[in-house]
Amino acid sequence: MADYYRERDEIIPDGMRTMYQEVGHECHGEVVATNEVWRVQEIYLAAATDVGVKNRKTYIVPDDYEGQVLWAGVTVTTTATVGTRQIQIAAYRDDGVLLGVLATAGTTQAASLTRYYTFAPGLADLTAFRDTNCLTTPLPTETTGRRQQRFVVFDNKNIDPLDNVVVAIQVKVRTVSNA
C-alpha cells in the first residue's frame, strides 16, 4: 500500500493534458517515489479509417505506448438502406484477431436517422434512446490496449458501408518499453 499518493496536471506544448501520478513507499526510513506520466488525448475520427467504409472507425494505440479508453462519443447518421444497425466497440490485436467486444449499444438504429451514443465506464446501460436520439452504454473500467492494438467502433450488422459514423474518443496514453 502506498504511503502517499499525489497527482498534478499540466498542459504541454503539443496540446495534450499530462497527468503525473506519483506514488511513494517508505523503504528503510526513506520515501521512494515512482512516477507514471499519462497524456490525455482527444481524437476525432471523422474520415474513413478503412478505404471506402464510413461505418467503421479505428483508433490504433501508437508504437511504444499503451492506451486506456476514457470515453467515446459516437454520431451515427444512417442512409435510407433498410435494416437495423447495432453499434459496438471491440478490441483487436495488431494482427487483426478479435480480443473481445467491449460494449454493444442497448438498442438498434433504423434507416434515415441520426443518433448520438456515449460509451464510458460507469454509465447507465440504456435500452431506449433518451430525448429521442441519445443513448449511453457502459464500457469496462480500465479498458487498456498495448501498442498497435485497435479499438474499433462499428455497425456490427454492417447494413450499409456508407452509413456515416463519426467518433470522438478520449484516451490516456503512457510510454512503455518494447521489452
# chains A, B, ... in the order shown; residues from 1 in each chain; ligands from 1

$ residues_around --residues "Leu99 of chain A" --least-positions-apart "3" --cutoff "10 Å" --atoms "only C-alpha atoms" --output "JSON list (two decimals) with N, CA and C atoms, in the first residue's frame"
[["chain", "number", "residue", "atom", "x", "y", "z"],
["A", 90, "ALA", "N", -15.16, -2.78, -30.15],
["A", 90, "ALA", "CA", -14.41, -4.02, -29.94],
["A", 90, "ALA", "C", -12.92, -3.72, -29.92],
["A", 91, "ALA", "N", -12.16, -4.63, -29.33],
["A", 91, "ALA", "CA", -10.70, -4.51, -29.28],
["A", 91, "ALA", "C", -10.09, -5.62, -30.12],
["A", 92, "TYR", "N", -9.07, -5.26, -30.91],
["A", 92, "TYR", "CA", -8.39, -6.22, -31.78],
["A", 92, "TYR", "C", -6.89, -6.17, -31.53],
["A", 93, "ARG", "N", -6.24, -7.30, -31.69],
["A", 93, "ARG", "CA", -4.78, -7.33, -31.65],
["A", 93, "ARG", "C", -4.23, -6.65, -32.88],
["A", 96, "GLY", "N", -5.07, -8.22, -36.18],
["A", 96, "GLY", "CA", -6.47, -8.28, -36.58],
["A", 96, "GLY", "C", -7.32, -9.30, -35.86],
["A", 102, "LEU", "N", -16.13, -4.93, -26.35],
["A", 102, "LEU", "CA", -16.12, -4.14, -25.12],
["A", 102, "LEU", "C", -17.51, -3.66, -24.73],
["A", 149, "GLN", "N", -2.55, -2.20, -30.80],
["A", 149, "GLN", "CA", -3.88, -2.77, -30.67],
["A", 149, "GLN", "C", -4.89, -1.74, -31.14],
["A", 150, "ARG", "N", -6.05, -2.23, -31.55],
["A", 150, "ARG", "CA", -7.06, -1.36, -32.15],
["A", 150, "ARG", "C", -8.35, -1.37, -31.35],
["A", 151, "PHE", "N", -8.93, -0.19, -31.22],
["A", 151, "PHE", "CA", -10.28, -0.05, -30.69],
["A", 151, "PHE", "C", -11.13, 0.38, -31.87]]

$ select_by_dssp --residues "segment 72-158 of chain A" --states "strand (DSSP E or B)" --output "VMD selection string"
chain A and resid 72 to 77 85 87 to 92 98 to 104 109 114 to 121 130 134 to 139 144 to 145 150 to 155

$ atom_distance --atom1 "atom CA of Lys157 of chain A" --atom2 "atom CA of Thr84 of chain A"
7.6 Å

$ residues_around --residues "Thr81 of chain A" --least-positions-apart "5" --cutoff "8 Å" --atoms "only C-alpha atoms" --output "ChimeraX atom specification"
/A:111-112,159-160

$ write_last_selection --atoms "C-alpha atoms" --output "mmCIF file, in the first residue's frame"
data_model
loop_
_atom_site.group_PDB
_atom_site.id
_atom_site.type_symbol
_atom_site.label_atom_id
_atom_site.label_comp_id
_atom_site.auth_asym_id
_atom_site.auth_seq_id
_atom_site.Cartn_x
_atom_site.Cartn_y
_atom_site.Cartn_z
ATOM 1 C CA ALA A 111 -32.574 3.776 -41.579
ATOM 2 C CA SER A 112 -32.506 7.528 -42.292
ATOM 3 C CA ILE A 159 -26.096 -2.826 -43.100
ATOM 4 C CA ASP A 160 -24.590 -0.099 -45.299
#

$ atom_distance --atom1 "atom CA of Gly106 of chain A" --atom2 "atom CA of Thr77 of chain A"
17.3 Å

$ atom_distance --atom1 "atom CA of Ala124 of chain A" --atom2 "atom CA of Ala105 of chain A"
11.1 Å

$ closest_residue --among "A:Leu123, A:Pro62, A:Phe129, A:Thr78" --to "Asp94 of chain A" --atoms "only C-alpha atoms"
A:Pro62

$ residues_around --residues "Thr108 of chain A" --least-positions-apart "5" --cutoff "12 Å" --atoms "only C-alpha atoms" --output "ChimeraX atom specification"
/A:76,78,83-88,113-117,126-129,133-135,155-157,159

$ write_last_selection --atoms "N, CA and C atoms" --output "PDB file, in the first residue's frame"
ATOM      1  N   VAL A  76     -24.021   8.627 -35.350  1.00  0.00           N
ATOM      2  CA  VAL A  76     -24.314   7.729 -36.471  1.00  0.00           C
ATOM      3  C   VAL A  76     -25.468   8.310 -37.280  1.00  0.00           C
ATOM      4  N   THR A  78     -27.573   7.299 -40.533  1.00  0.00           N
ATOM      5  CA  THR A  78     -27.796   6.152 -41.404  1.00  0.00           C
ATOM      6  C   THR A  78     -28.385   6.578 -42.746  1.00  0.00           C
ATOM      7  N   GLY A  83     -32.796  -1.661 -42.696  1.00  0.00           N
ATOM      8  CA  GLY A  83     -32.113  -2.573 -41.783  1.00  0.00           C
ATOM      9  C   GLY A  83     -31.827  -1.879 -40.469  1.00  0.00           C
ATOM     10  N   THR A  84     -31.709  -2.658 -39.401  1.00  0.00           N
ATOM     11  CA  THR A  84     -31.409  -2.091 -38.091  1.00  0.00           C
ATOM     12  C   THR A  84     -29.931  -2.256 -37.790  1.00  0.00           C
ATOM     13  N   ARG A  85     -29.325  -1.148 -37.412  1.00  0.00           N
ATOM     14  CA  ARG A  85     -27.895  -1.129 -37.113  1.00  0.00           C
ATOM     15  C   ARG A  85     -27.678  -1.351 -35.618  1.00  0.00           C
ATOM     16  N   GLN A  86     -26.578  -1.998 -35.257  1.00  0.00           N
ATOM     17  CA  GLN A  86     -26.205  -2.227 -33.861  1.00  0.00           C
ATOM     18  C   GLN A  86     -24.780  -1.717 -33.683  1.00  0.00           C
ATOM     19  N   ILE A  87     -24.604  -0.641 -32.920  1.00  0.00           N
ATOM     20  CA  ILE A  87     -23.294  -0.026 -32.750  1.00  0.00           C
ATOM     21  C   ILE A  87     -22.541  -0.741 -31.631  1.00  0.00           C
ATOM     22  N   GLN A  88     -21.257  -0.961 -31.889  1.00  0.00           N
ATOM     23  CA  GLN A  88     -20.446  -1.768 -30.988  1.00  0.00           C
ATOM     24  C   GLN A  88     -19.016  -1.218 -30.946  1.00  0.00           C
ATOM     25  N   LEU A 113     -31.788   7.977 -40.009  1.00  0.00           N
ATOM     26  CA  LEU A 113     -31.817   8.645 -38.711  1.00  0.00           C
ATOM     27  C   LEU A 113     -30.419   9.079 -38.294  1.00  0.00           C
ATOM     28  N   THR A 114     -30.357  10.076 -37.404  1.00  0.00           N
ATOM     29  CA  THR A 114     -29.104  10.446 -36.751  1.00  0.00           C
ATOM     30  C   THR A 114     -29.279  10.202 -35.262  1.00  0.00           C
ATOM     31  N   ARG A 115     -28.334   9.463 -34.677  1.00  0.00           N
ATOM     32  CA  ARG A 115     -28.375   9.138 -33.252  1.00  0.00           C
ATOM     33  C   ARG A 115     -27.013   9.430 -32.636  1.00  0.00           C
ATOM     34  N   TYR A 116     -27.012   9.698 -31.316  1.00  0.00           N
ATOM     35  CA  TYR A 116     -25.798  10.041 -30.584  1.00  0.00           C
ATOM     36  C   TYR A 116     -25.590   9.031 -29.458  1.00  0.00           C
ATOM     37  N   TYR A 117     -24.412   8.439 -29.422  1.00  0.00           N
ATOM     38  CA  TYR A 117     -24.079   7.412 -28.438  1.00  0.00           C
ATOM     39  C   TYR A 117     -22.910   7.895 -27.587  1.00  0.00           C
ATOM     40  N   LEU A 126     -28.566   2.180 -21.180  1.00  0.00           N
ATOM     41  CA  LEU A 126     -29.909   2.471 -21.668  1.00  0.00           C
ATOM     42  C   LEU A 126     -30.309   1.494 -22.774  1.00  0.00           C
ATOM     43  N   THR A 127     -31.576   1.132 -22.769  1.00  0.00           N
ATOM     44  CA  THR A 127     -32.106   0.243 -23.806  1.00  0.00           C
ATOM     45  C   THR A 127     -33.096   0.973 -24.705  1.00  0.00           C
ATOM     46  N   ALA A 128     -33.217   2.269 -24.505  1.00  0.00           N
ATOM     47  CA  ALA A 128     -34.045   3.112 -25.373  1.00  0.00           C
ATOM     48  C   ALA A 128     -33.350   4.475 -25.471  1.00  0.00           C
ATOM     49  N   PHE A 129     -33.543   5.136 -26.600  1.00  0.00           N
ATOM     50  CA  PHE A 129     -32.937   6.449 -26.784  1.00  0.00           C
ATOM     51  C   PHE A 129     -33.630   7.466 -25.885  1.00  0.00           C
ATOM     52  N   ASN A 133     -32.953  10.679 -29.265  1.00  0.00           N
ATOM     53  CA  ASN A 133     -31.780  10.369 -30.082  1.00  0.00           C
ATOM     54  C   ASN A 133     -30.469  10.148 -29.319  1.00  0.00           C
ATOM     55  N   CYS A 134     -30.489  10.051 -27.977  1.00  0.00           N
ATOM     56  CA  CYS A 134     -29.252   9.899 -27.197  1.00  0.00           C
ATOM     57  C   CYS A 134     -29.260   8.593 -26.411  1.00  0.00           C
ATOM     58  N   LEU A 135     -28.136   7.896 -26.429  1.00  0.00           N
ATOM     59  CA  LEU A 135     -28.033   6.603 -25.746  1.00  0.00           C
ATOM     60  C   LEU A 135     -26.695   6.503 -25.035  1.00  0.00           C
ATOM     61  N   ASP A 155     -20.843  -0.641 -36.956  1.00  0.00           N
ATOM     62  CA  ASP A 155     -22.162  -1.275 -37.015  1.00  0.00           C
ATOM     63  C   ASP A 155     -21.915  -2.771 -37.176  1.00  0.00           C
ATOM     64  N   ASN A 156     -22.230  -3.553 -36.151  1.00  0.00           N
ATOM     65  CA  ASN A 156     -21.916  -4.983 -36.231  1.00  0.00           C
ATOM     66  C   ASN A 156     -22.837  -5.753 -37.180  1.00  0.00           C
ATOM     67  N   LYS A 157     -23.868  -5.108 -37.685  1.00  0.00           N
ATOM     68  CA  LYS A 157     -24.733  -5.732 -38.704  1.00  0.00           C
ATOM     69  C   LYS A 157     -24.240  -5.386 -40.111  1.00  0.00           C
ATOM     70  N   ILE A 159     -24.964  -3.017 -42.186  1.00  0.00           N
ATOM     71  CA  ILE A 159     -26.096  -2.826 -43.100  1.00  0.00           C
ATOM     72  C   ILE A 159     -25.693  -2.041 -44.340  1.00  0.00           C
TER      73      ILE A 159
END

$ residues_around --residues "segment 54-58 of chain A" --least-positions-apart "3" --cutoff "6 Å" --atoms "only C-alpha atoms" --output "PyMOL selection string"
chain A and resi 48-49+151-154+161-165

$ closest_residue --among "A:Val61, A:Val53, A:Thr118, A:Glu66" --to "Val167 of chain A" --atoms "only C-alpha atoms"
A:Thr118

$ closest_residue --among "A:Val82, A:Ile43, A:Ile89, A:Val166" --to "Thr137 of chain A" --atoms "only C-alpha atoms"
A:Ile89
